[in-house]
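What follows is the content of coords-v4.pdb (PDB, C-alpha atoms).
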```pdb
ATOM      1  CA  MET A 821     -40.889  21.297  16.103
ATOM      2  CA  ILE A 822     -37.574  21.069  14.427
ATOM      3  CA  SER A 823     -36.668  17.507  15.343
ATOM      4  CA  CYS A 824     -33.184  16.673  16.567
ATOM      5  CA  THR A 825     -32.921  14.617  13.375
ATOM      6  CA  GLU A 826     -33.510  17.829  11.373
ATOM      7  CA  PHE A 827     -31.059  19.987  13.266
ATOM      8  CA  ILE A 828     -28.134  19.714  10.850
ATOM      9  CA  PRO A 829     -29.933  21.297   7.879
ATOM     10  CA  ALA A 830     -31.218  24.008  10.243
ATOM     11  CA  TYR A 831     -27.662  24.587  11.494
ATOM     12  CA  SER A 832     -26.270  24.887   7.971
ATOM     13  CA  GLU A 833     -29.019  27.341   7.039
ATOM     14  CA  LEU A 834     -28.279  29.316  10.208
ATOM     15  CA  PHE A 835     -24.662  29.790   9.141
ATOM     16  CA  LYS A 836     -25.830  30.989   5.730
ATOM     17  CA  PHE A 837     -28.276  33.389   7.351
ATOM     18  CA  LEU A 838     -25.608  34.780   9.694
ATOM     19  CA  GLU A 839     -23.124  35.248   6.856
ATOM     20  CA  GLU A 840     -25.795  37.089   4.898
ATOM     21  CA  MET A 841     -26.412  39.334   7.909
ATOM     22  CA  GLY A 842     -22.798  40.159   8.718
ATOM     23  CA  GLY A 843     -20.261  38.127   6.791
ATOM     24  CA  TYR A 844     -18.001  35.378   8.100
ATOM     25  CA  ASP A 845     -17.258  37.463  11.210
ATOM     26  CA  GLU A 846     -20.901  37.098  12.198
ATOM     27  CA  VAL A 847     -20.675  33.314  11.808
ATOM     28  CA  MET A 848     -17.476  33.241  13.898
ATOM     29  CA  ARG A 849     -19.173  35.339  16.549
ATOM     30  CA  TYR A 850     -21.946  32.758  16.798
ATOM     31  CA  TRP A 851     -19.537  29.825  16.982
ATOM     32  CA  LEU A 852     -17.636  31.493  19.816
ATOM     33  CA  TYR A 853     -20.926  32.157  21.591
ATOM     34  CA  ILE A 854     -21.838  28.469  21.283
ATOM     35  CA  SER A 855     -18.392  27.509  22.500
ATOM     36  CA  ASP A 856     -18.906  29.593  25.597
ATOM     37  CA  THR A 857     -22.533  28.827  26.393
ATOM     38  CA  TYR A 858     -22.979  25.240  25.178
ATOM     39  CA  VAL A 859     -19.648  23.460  24.811
ATOM     40  CA  GLU A 860     -17.981  24.929  27.883
ATOM     41  CA  PRO A 861     -20.485  23.569  30.469
ATOM     42  CA  LEU A 862     -20.570  20.118  28.861
ATOM     43  CA  LEU A 863     -16.961  19.492  27.870
ATOM     44  CA  GLY A 864     -15.152  21.781  30.311
ATOM     45  CA  PRO A 865     -15.909  19.922  33.579
ATOM     46  CA  LEU A 866     -15.056  16.564  31.978
ATOM     47  CA  VAL A 867     -11.638  17.815  30.929
ATOM     48  CA  ASP A 868     -11.130  19.502  34.295
ATOM     49  CA  GLN A 869     -11.758  16.203  36.075
ATOM     50  CA  LYS A 870     -10.206  13.702  33.702
ATOM     51  CA  GLY A 871      -7.918  15.540  31.333
ATOM     52  CA  ILE A 872      -7.721  14.070  27.863
ATOM     53  CA  LEU A 873      -9.731  11.059  29.060
ATOM     54  CA  GLY A 874     -12.608  13.550  29.436
ATOM     55  CA  CYS A 875     -12.294  14.307  25.723
ATOM     56  CA  TRP A 876     -12.582  10.592  25.015
ATOM     57  CA  GLU A 877     -15.760  10.367  27.102
ATOM     58  CA  TYR A 878     -17.300  13.454  25.519
ATOM     59  CA  TRP A 879     -16.687  12.505  21.893
ATOM     60  CA  THR A 880     -17.358   8.791  22.129
ATOM     61  CA  ARG A 881     -20.790   9.571  23.607
ATOM     62  CA  ALA A 882     -21.613  12.315  21.096
ATOM     63  CA  LEU A 883     -20.409  10.370  18.062
ATOM     64  CA  ASN A 884     -22.319   7.258  19.077
ATOM     65  CA  GLU A 885     -25.497   9.306  19.498
ATOM     66  CA  GLU A 886     -24.889  10.895  16.122
ATOM     67  CA  ALA A 887     -24.394   7.419  14.580
ATOM     68  CA  ALA A 888     -21.004   8.400  13.217
ATOM     69  CA  ASP A 889     -18.667   6.032  11.401
ATOM     70  CA  PHE A 890     -15.384   6.553  13.182
ATOM     71  CA  THR A 891     -12.292   5.140  14.836
ATOM     72  CA  MET A 892     -11.042   6.854  17.969
ATOM     73  CA  THR A 893      -7.804   6.006  19.729
ATOM     74  CA  LEU A 894      -6.717   7.366  23.080
ATOM     75  CA  ASP A 895      -3.079   6.861  23.972
ATOM     76  CA  LEU A 896      -2.857   7.584  27.685
ATOM     77  CA  ASP A 897       0.930   7.419  27.742
ATOM     78  CA  LYS A 898       1.258   9.978  24.989
ATOM     79  CA  GLN A 899      -1.813  11.868  26.275
ATOM     80  CA  GLU A 900      -3.090  11.957  22.739
ATOM     81  CA  LEU A 901      -6.522  11.364  21.226
ATOM     82  CA  ARG A 902      -6.741  10.587  17.522
ATOM     83  CA  SER A 903      -9.987  10.471  15.619
ATOM     84  CA  GLU A 904     -10.606   9.244  12.107
ATOM     85  CA  MET A 905     -14.062  10.212  10.913
ATOM     86  CA  HIS A 906     -14.756   7.763   8.098
ATOM     87  CA  HIS A 907     -18.196   9.231   7.500
ATOM     88  CA  CYS A 908     -19.421  12.337   9.306
ATOM     89  CA  PRO A 909     -23.193  12.000   9.829
ATOM     90  CA  SER A 910     -23.693  15.767   9.746
ATOM     91  CA  LYS A 911     -21.756  16.593   6.593
ATOM     92  CA  GLY A 912     -22.934  13.313   5.097
ATOM     93  CA  LEU A 913     -26.549  14.323   5.624
ATOM     94  CA  LEU A 914     -25.958  17.739   4.079
ATOM     95  CA  LEU A 915     -24.311  16.190   1.030
ATOM     96  CA  GLN A 916     -27.190  13.738   0.739
ATOM     97  CA  LEU A 917     -29.849  16.490   0.663
ATOM     98  CA  LYS A 918     -29.626  17.317  -3.015
ATOM     99  CA  HIS A 919     -32.192  20.114  -2.759
ATOM    100  CA  MET A 920     -30.092  22.078  -0.244
ATOM    101  CA  GLU A 921     -26.673  23.624  -0.667
ATOM    102  CA  PRO A 922     -24.545  23.100   2.479
ATOM    103  CA  TYR A 923     -22.917  26.170   3.984
ATOM    104  CA  PRO A 924     -19.515  26.119   2.250
ATOM    105  CA  ARG A 925     -17.527  26.453   5.486
ATOM    106  CA  TYR A 926     -19.809  24.224   7.533
ATOM    107  CA  CYS A 927     -16.993  22.027   8.859
ATOM    108  CA  ASP A 928     -15.035  25.012  10.215
ATOM    109  CA  HIS A 929     -17.298  25.073  13.265
ATOM    110  CA  CYS A 930     -15.799  21.831  14.615
ATOM    111  CA  GLY A 931     -12.456  23.543  15.076
ATOM    112  CA  VAL A 932     -13.782  26.851  16.344
ATOM    113  CA  ILE A 933     -16.313  25.777  18.969
ATOM    114  CA  TYR A 934     -13.992  23.343  20.787
ATOM    115  CA  ASP A 935     -10.693  25.200  20.567
ATOM    116  CA  PRO A 936     -11.233  27.783  23.338
ATOM    117  CA  VAL A 937     -12.613  25.201  25.791
ATOM    118  CA  LEU A 938      -9.692  22.836  25.222
ATOM    119  CA  LYS A 939      -6.908  25.391  24.973
ATOM    120  CA  LYS A 940      -7.607  27.004  28.314
ATOM    121  CA  ARG A 941      -7.241  23.517  29.821
ATOM    122  CA  GLY A 942      -3.971  22.802  28.091
ATOM    123  CA  ILE A 943      -5.210  20.676  25.213
ATOM    124  CA  GLY A 944      -4.373  21.528  21.634
ATOM    125  CA  GLN A 945      -5.895  20.131  18.497
ATOM    126  CA  GLU A 946      -4.907  19.686  14.885
ATOM    127  CA  ARG A 947      -7.571  18.996  12.307
ATOM    128  CA  ASP A 948      -7.422  17.817   8.721
ATOM    129  CA  HIS A 949     -10.495  18.964   6.821
ATOM    130  CA  SER A 950      -9.074  18.304   3.358
ATOM    131  CA  HIS A 951     -11.676  15.580   2.684
ATOM    132  CA  CYS A 952     -14.701  17.411   4.080
ATOM    133  CA  ASP A 953     -16.408  17.284   0.709
ATOM    134  CA  GLU A 954     -16.466  13.498   1.137
ATOM    135  CA  ALA A 955     -17.734  13.770   4.744
ATOM    136  CA  ARG A 956     -14.350  12.583   6.055
ATOM    137  CA  CYS A 957     -11.934  14.289   8.416
ATOM    138  CA  SER A 958      -9.381  13.520  11.082
ATOM    139  CA  SER A 959      -8.133  15.179  14.225
ATOM    140  CA  ARG A 960      -5.499  14.867  16.911
ATOM    141  CA  LYS A 961      -5.891  16.249  20.401
ATOM    142  CA  PHE A 962      -2.899  16.406  22.647
ATOM    143  CA  VAL A 963      -1.755  17.849  25.941
ATOM    144  CA  LEU A 964       0.236  20.989  25.260
ATOM    145  CA  PRO A 965       3.844  20.648  26.471
ATOM    146  CA  GLU A 966       3.546  23.440  29.031
ATOM    147  CA  PHE A 967       0.573  21.624  30.631
ATOM    148  CA  SER A 968       1.820  18.036  30.382
ATOM    149  CA  ARG A 969       2.906  17.675  34.014
ATOM    150  CA  LYS A 970      -0.271  18.925  35.548
ATOM    151  CA  ALA A 971      -2.834  17.429  33.160
ATOM    152  CA  PRO A 972      -5.268  15.204  35.083
ATOM    153  CA  GLY A 973      -5.221  11.628  33.817
ATOM    154  CA  SER A 974      -1.581  11.760  32.724
ATOM    155  CA  SER A 975       0.677   9.005  33.994
TER     156      SER A 975
ATOM    157  CA  MET B1167       1.380   1.273  26.817
ATOM    158  CA  GLU B1168      -2.286   1.929  27.634
ATOM    159  CA  LYS B1169      -4.608   2.579  24.733
ATOM    160  CA  LEU B1170      -8.363   2.803  24.344
ATOM    161  CA  VAL B1171      -9.791   2.200  20.895
ATOM    162  CA  MET B1172     -13.363   2.613  19.693
ATOM    163  CA  ASP B1173     -14.231   1.567  16.172
ATOM    164  CA  ARG B1174     -17.850   2.199  15.174
ATOM    165  CA  ARG B1175     -19.800   1.817  11.974
ATOM    166  CA  ALA B1176     -22.723   4.136  11.354
ATOM    167  CA  ASP B1177     -25.285   1.331  11.416
ATOM    168  CA  ALA B1178     -24.277   0.357  14.964
ATOM    169  CA  ASN B1179     -26.360   3.204  16.382
ATOM    170  CA  LYS B1180     -29.648   4.962  15.772
ATOM    171  CA  TYR B1181     -29.284   8.591  14.673
ATOM    172  CA  LEU B1182     -30.859  10.386  17.614
ATOM    173  CA  HIS B1183     -28.641  12.972  19.280
ATOM    174  CA  LYS B1184     -31.152  14.603  21.614
ATOM    175  CA  ASP B1185     -28.741  17.331  22.683
ATOM    176  CA  PHE B1186     -29.465  18.825  19.263
ATOM    177  CA  HIS B1187     -32.762  20.001  20.765
ATOM    178  CA  LEU B1188     -30.712  22.273  23.000
ATOM    179  CA  SER B1189     -28.687  23.407  19.999
ATOM    180  CA  ILE B1190     -31.840  24.314  18.075
ATOM    181  CA  ASP B1191     -33.123  26.347  20.992
ATOM    182  CA  LEU B1192     -29.794  28.111  21.500
ATOM    183  CA  SER B1193     -29.644  28.961  17.797
ATOM    184  CA  VAL B1194     -33.081  30.508  17.735
ATOM    185  CA  ASP B1195     -32.439  32.329  20.997
ATOM    186  CA  TYR B1196     -29.173  33.761  19.685
ATOM    187  CA  VAL B1197     -30.817  35.027  16.499
ATOM    188  CA  GLY B1198     -33.647  36.535  18.538
ATOM    189  CA  ARG B1199     -31.284  38.385  20.865
ATOM    190  CA  ARG B1200     -29.064  39.584  18.043
ATOM    191  CA  PHE B1201     -31.590  40.337  15.296
ATOM    192  CA  GLY B1202     -34.971  40.458  17.041
ATOM    193  CA  ASP B1203     -38.307  38.854  16.127
ATOM    194  CA  ALA B1204     -37.917  39.702  12.459
ATOM    195  CA  GLY B1205     -34.506  38.020  12.382
ATOM    196  CA  VAL B1206     -35.890  34.807  13.862
ATOM    197  CA  ARG B1207     -38.739  34.763  11.350
ATOM    198  CA  LYS B1208     -36.365  35.502   8.479
ATOM    199  CA  TYR B1209     -33.970  32.714   9.472
ATOM    200  CA  LEU B1210     -36.682  30.099  10.038
ATOM    201  CA  THR B1211     -38.514  31.088   6.861
ATOM    202  CA  LYS B1212     -35.321  30.568   4.868
ATOM    203  CA  TYR B1213     -34.708  27.239   6.599
ATOM    204  CA  ALA B1214     -38.253  25.944   6.098
ATOM    205  CA  THR B1215     -38.354  27.117   2.482
ATOM    206  CA  ALA B1216     -35.150  25.258   1.668
ATOM    207  CA  TYR B1217     -35.642  22.171   3.812
ATOM    208  CA  TYR B1218     -39.213  21.364   2.860
ATOM    209  CA  ILE B1219     -38.857  21.583  -0.937
ATOM    210  CA  PRO B1220     -39.408  17.817  -1.404
ATOM    211  CA  LEU B1221     -42.340  17.701   1.052
ATOM    212  CA  VAL B1222     -43.955  20.752  -0.532
ATOM    213  CA  GLY B1223     -43.714  18.976  -3.896
ATOM    214  CA  ARG B1224     -45.399  15.873  -2.491
ATOM    215  CA  ILE B1225     -48.200  17.898  -0.881
ATOM    216  CA  ARG B1226     -48.827  19.800  -4.104
ATOM    217  CA  LYS B1227     -49.007  16.469  -5.949
ATOM    218  CA  ASP B1228     -50.812  14.217  -3.450
ATOM    219  CA  GLY B1229     -52.564  16.531  -0.976
ATOM    220  CA  LEU B1230     -52.409  16.387   2.810
ATOM    221  CA  LYS B1231     -51.613  12.689   3.262
ATOM    222  CA  PRO B1232     -47.832  13.148   2.789
ATOM    223  CA  LEU B1233     -47.937  15.902   5.430
ATOM    224  CA  MET B1234     -49.639  13.603   7.905
ATOM    225  CA  GLU B1235     -47.068  10.900   7.159
ATOM    226  CA  TYR B1236     -44.264  13.408   7.677
ATOM    227  CA  PHE B1237     -45.518  14.275  11.177
ATOM    228  CA  ARG B1238     -46.177  10.631  12.032
ATOM    229  CA  ASP B1239     -42.647   9.579  11.025
ATOM    230  CA  LEU B1240     -41.002  12.578  12.678
ATOM    231  CA  TYR B1241     -42.544  11.881  16.073
ATOM    232  CA  ALA B1242     -41.876   8.148  15.715
ATOM    233  CA  GLU B1243     -38.171   8.852  15.105
ATOM    234  CA  GLU B1244     -38.156  10.923  18.270
ATOM    235  CA  GLY B1245     -39.692   8.000  20.169
ATOM    236  CA  ALA B1246     -42.763  10.161  20.810
ATOM    237  CA  SER B1247     -45.547   8.617  18.749
ATOM    238  CA  ASP B1248     -47.794   9.073  21.780
ATOM    239  CA  ALA B1249     -47.367  12.846  21.530
ATOM    240  CA  VAL B1250     -49.307  13.290  18.337
ATOM    241  CA  ASP B1251     -52.592  12.287  16.743
ATOM    242  CA  PHE B1252     -54.304  13.226  13.527
ATOM    243  CA  VAL B1253     -57.635  13.751  11.893
ATOM    244  CA  LEU B1254     -57.493  13.876   8.101
ATOM    245  CA  ASP B1255     -60.830  14.578   6.534
ATOM    246  CA  GLU B1256     -62.154  16.420   3.493
ATOM    247  CA  GLY B1257     -59.132  18.499   2.726
ATOM    248  CA  GLU B1258     -58.304  19.279   6.331
ATOM    249  CA  LEU B1259     -55.546  17.847   8.508
ATOM    250  CA  ARG B1260     -55.782  18.495  12.216
ATOM    251  CA  VAL B1261     -52.644  17.651  14.162
ATOM    252  CA  HIS B1262     -52.979  17.531  17.907
ATOM    253  CA  VAL B1263     -49.612  17.650  19.630
ATOM    254  CA  ALA B1264     -49.910  16.665  23.294
ATOM    255  CA  TYR B1265     -46.304  17.590  24.058
ATOM    256  CA  CYS B1266     -43.118  18.479  22.244
ATOM    257  CA  PRO B1267     -40.381  15.841  22.771
ATOM    258  CA  GLY B1268     -37.750  18.541  22.265
ATOM    259  CA  LEU B1269     -39.151  20.721  25.033
ATOM    260  CA  LYS B1270     -39.557  17.682  27.266
ATOM    261  CA  TYR B1271     -35.887  16.823  26.768
ATOM    262  CA  MET B1272     -34.766  20.411  27.406
ATOM    263  CA  MET B1273     -36.848  20.742  30.553
ATOM    264  CA  GLY B1274     -35.420  17.423  31.776
ATOM    265  CA  LYS B1275     -31.952  18.920  31.383
ATOM    266  CA  GLY B1276     -32.964  22.019  33.329
ATOM    267  CA  HIS B1277     -32.837  24.216  30.224
ATOM    268  CA  ALA B1278     -35.456  26.965  30.043
ATOM    269  CA  PRO B1279     -36.617  27.289  26.436
ATOM    270  CA  SER B1280     -36.121  30.485  24.513
ATOM    271  CA  PRO B1281     -39.065  32.886  24.177
ATOM    272  CA  TRP B1282     -38.563  32.444  20.408
ATOM    273  CA  HIS B1283     -38.906  28.655  20.565
ATOM    274  CA  VAL B1284     -42.548  28.954  19.490
ATOM    275  CA  GLU B1285     -41.354  30.151  16.089
ATOM    276  CA  THR B1286     -39.966  26.673  15.379
ATOM    277  CA  VAL B1287     -43.648  25.746  15.148
ATOM    278  CA  ARG B1288     -45.424  28.915  14.014
ATOM    279  CA  THR B1289     -42.952  30.202  11.431
ATOM    280  CA  VAL B1290     -41.675  26.815  10.294
ATOM    281  CA  TYR B1291     -45.088  25.226   9.674
ATOM    282  CA  GLY B1292     -46.574  28.528   8.514
ATOM    283  CA  THR B1293     -43.881  28.701   5.834
ATOM    284  CA  LEU B1294     -44.361  25.065   4.875
ATOM    285  CA  ALA B1295     -48.114  25.655   4.515
ATOM    286  CA  LEU B1296     -47.689  28.842   2.518
ATOM    287  CA  ASN B1297     -45.263  27.216   0.092
ATOM    288  CA  ALA B1298     -47.524  24.189  -0.309
ATOM    289  CA  GLY B1299     -50.606  26.323  -0.987
ATOM    290  CA  LEU B1300     -52.313  25.384   2.296
ATOM    291  CA  ASP B1301     -54.174  27.461   4.845
ATOM    292  CA  PHE B1302     -52.687  27.125   8.311
ATOM    293  CA  GLU B1303     -54.005  27.685  11.819
ATOM    294  CA  TYR B1304     -52.106  27.366  15.013
ATOM    295  CA  GLU B1305     -53.992  27.296  18.330
ATOM    296  CA  ASN B1306     -53.563  26.775  22.058
ATOM    297  CA  TYR B1307     -49.774  26.635  22.170
ATOM    298  CA  ASP B1308     -48.504  25.777  25.644
ATOM    299  CA  GLU B1309     -44.996  27.152  26.018
ATOM    300  CA  LYS B1310     -44.207  24.810  28.918
ATOM    301  CA  THR B1311     -45.063  21.543  27.144
ATOM    302  CA  GLY B1312     -45.196  22.508  23.473
ATOM    303  CA  ALA B1313     -48.745  21.182  23.236
ATOM    304  CA  VAL B1314     -50.479  22.742  20.256
ATOM    305  CA  GLN B1315     -53.281  22.267  17.787
ATOM    306  CA  LEU B1316     -52.261  22.638  14.139
ATOM    307  CA  THR B1317     -54.755  22.743  11.293
ATOM    308  CA  PHE B1318     -53.817  22.600   7.623
ATOM    309  CA  ARG B1319     -56.463  23.052   4.947
ATOM    310  CA  ASN B1320     -55.987  22.340   1.299
ATOM    311  CA  PRO B1321     -58.346  24.560  -0.748
ATOM    312  CA  LYS B1322     -57.873  22.284  -3.763
ATOM    313  CA  GLU B1323     -58.979  19.135  -1.893
ATOM    314  CA  ARG B1324     -61.848  20.932  -0.190
ATOM    315  CA  ALA B1325     -63.139  22.232  -3.526
ATOM    316  CA  SER B1326     -63.055  18.830  -5.208
TER     317      SER B1326
END
```

Using the file provided, produce a representation of the structure as C-alpha cells.
Amino acid sequence: MISCTEFIPAYSELFKFLEEMGGYDEVMRYWLYISDTYVEPLLGPLVDQKGILGCWEYWTRALNEEAADFTMTLDLDKQELRSEMHHCPSKGLLLQLKHMEPYPRYCDHCGVIYDPVLKKRGIGQERDHSHCDEARCSSRKFVLPEFSRKAPGSS
Amino acid sequence: MEKLVMDRRADANKYLHKDFHLSIDLSVDYVGRRFGDAGVRKYLTKYATAYYIPLVGRIRKDGLKPLMEYFRDLYAEEGASDAVDFVLDEGELRVHVAYCPGLKYMMGKGHAPSPWHVETVRTVYGTLALNAGLDFEYENYDEKTGAVQLTFRNPKERAS
C-alpha cells in the first residue's frame, strides 16, 4: 500500500517518470487527464451549484485535510477568493525529504489541473508561485467579467 | 460587505487526506493504460527506490525490526491498526494484512480500483526488499479487500 500520507512523494516521482517518458508535454497530458477525470467530478458540481462559494467549500475542506497552513478569504460582494498558503504541506514535505529531489515543476500542477474546470464555469485564477521553493504561494480566484451576472452565489 | 475568512495553522489538523488514495489509484491506472505493465513497474520501482532510501539503510543496519515498525506506524497513521499483524522470528517477518485501508476508502466512494493497483504492493515492497537485501514473498492477494500475506526474510539474520 502506498499510504495517503505517502502520496506526495509518489506524485512527484510520477511527474519525473512522465517527463522521462515524453518530456513536459507528457506531464501536461497527465495533469489535464486528472483535471478531467478527478477534479471535474469533485469541484465542478460544487461550482455549478454555488459559484465561487463552491470553490471556498472545496478548498477549505481539502486544505484542512491536508493540514495546510493557510489563510483563505472569500469576498462575496467582489466574488473573489484569495488564498495565502503560508506553508504548503505537499511542497513542504518534498523539501523536507532530503533524500529525494522534488520534481522541479511540481507546483505547476496546481494551476493546470484546476484551470479548465473553473474556466468553463466562468472563474479565472491568478497564481503567484514565486516562493514555491519555500513552500509558499498565493492565489486569487474571481468571477470572469463576462460571467459575473449569471454566476450562482453572486449578490 | 460579506466576507468569509479561514485562518488555519498546520498543527490544527492531522495530515490525513484520504482522497489521495484515489489519486494514487488514478496515477497507477493512467501509467498502466499509457505505458502498459512494464511502465507501471518502472514507475513504482523508481518511486520505491527513491522513497525508501532511509528505511533500506535502517534495515541493512538493524534487520527486520525497522520494517515491522514502518508497517505498524503506517497503518496506525491510516487509523487501521486492526488491519495488520506481524510475526517477527528468526530473520523472518510475516505481515498479515486483513484489508487495505486505501481500497476500503475507494470502495466506499464507489471507485473501482485499477487492475494495476496490486503493483502498489507487489512492485513497491518487492523493490524495497530487493534494495534492502531481503527475500520477499507475496501470497493470497485479494483484489477486492487488499488482504495479503507478505513475508520478508533476511538471509543475514537467518544465518546468524

Within 8 Å of chain B, which residues of chain A show up when using all atoms listed in the file, listed as a VMD selection string?
-> chain A and resid 821 to 825 827 829 to 831 833 to 834 837 850 854 858 880 882 884 to 897 907 919 to 920

Smallest atom-to-atom distance to A:His906: which of A:Glu954, A:Asp856, A:Glu966, A:Asp845, using all atoms listed in the file?
-> A:Glu954

May I have the residues within 8 Å of B:Thr1293 as a PyMOL selection string, using all atoms listed in the file and disregarding those fewer than 4 positions away in the same chain?
-> chain B and resi 1211+1214-1215+1289+1297

Can you tell me how far atom CA of A:Asp868 sits from atom CA of A:Ile828, in Å to one decimal?
->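 Between atom CA of A:Asp868 and atom CA of A:Ile828 the gap works out to 29.0 Å.
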
Need the neighbours of (-10.1, 11.6, 28.6): which residues are at most 9 Å away, counting all atoms listed in the file, as a PyMOL selection string?
-> chain A and resi 866-867+869-878+894+896+899+901+972-973

Tell me, as a PyMOL selection string, which residues lie within 10 Å of A:His929, counting only C-alpha atoms; anything in the same chain fewer than 6 positions away does not count.
-> chain A and resi 835+847-848+850-852+854-855+935

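Between B:Ala1298 and the candidates B:Ser1280, B:Asp1255, B:Arg1260, B:Pro1321, the tightest atom-to-atom separation, counting all atoms listed in the file, involves B:Pro1321.
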
Pairwise distance for atom CA of B:Ile1225 and atom CA of B:Glu1309, rounded to one decimal in Å |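 About the pair atom CA of B:Ile1225 and atom CA of B:Glu1309: they are 28.6 Å apart.
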
Expanded to explicit residues, what is the PyMOL selection byres ((chain A and resi 957) around 9) for this file, as an NGL selection string?
-> :A and (903-908 or 947-952 or 954-956 or 958-959)

One-decimal distance in Å that lies between atom CA of B:Val1263 and atom CA of B:Ala1313 | 5.1 Å

Within 10 Å of (-52.1, 19.3, -6.2), in the coordinates the file gives, what residues turn up when you count only C-alpha atoms, written out as a PyMOL selection string?
-> chain B and resi 1223-1230+1298-1299+1320-1323

Filled-in N, CA and C atoms of stretch 1314-1325 of chain B, supplied as a compact mmCIF listing (two decimals), keeping the file's coordinate frame:
```
# COMPACT_ATOMS: atom_id res chain seq x y z
N VAL B 1314 -49.94 21.79 21.22
CA VAL B 1314 -50.48 22.74 20.26
C VAL B 1314 -51.45 22.03 19.34
N GLN B 1315 -52.36 22.80 18.79
CA GLN B 1315 -53.28 22.27 17.79
C GLN B 1315 -52.94 22.93 16.45
N LEU B 1316 -52.60 22.12 15.47
CA LEU B 1316 -52.26 22.64 14.14
C LEU B 1316 -53.34 22.19 13.17
N THR B 1317 -53.77 23.10 12.32
CA THR B 1317 -54.76 22.74 11.29
C THR B 1317 -54.25 23.21 9.93
N PHE B 1318 -54.21 22.29 9.01
CA PHE B 1318 -53.82 22.60 7.62
C PHE B 1318 -55.03 22.32 6.73
N ARG B 1319 -55.35 23.27 5.89
CA ARG B 1319 -56.46 23.05 4.95
C ARG B 1319 -55.95 23.21 3.52
N ASN B 1320 -56.40 22.29 2.69
CA ASN B 1320 -55.99 22.34 1.30
C ASN B 1320 -57.17 22.80 0.46
N PRO B 1321 -57.18 24.05 0.01
CA PRO B 1321 -58.35 24.56 -0.75
C PRO B 1321 -58.66 23.70 -1.96
N LYS B 1322 -57.64 23.10 -2.57
CA LYS B 1322 -57.87 22.28 -3.76
C LYS B 1322 -58.66 21.01 -3.40
N GLU B 1323 -58.29 20.37 -2.30
CA GLU B 1323 -58.98 19.14 -1.89
C GLU B 1323 -60.40 19.45 -1.41
N ARG B 1324 -60.53 20.58 -0.73
CA ARG B 1324 -61.85 20.93 -0.19
C ARG B 1324 -62.82 21.28 -1.32
N ALA B 1325 -62.28 21.83 -2.40
CA ALA B 1325 -63.14 22.23 -3.53
C ALA B 1325 -63.58 21.04 -4.36
```
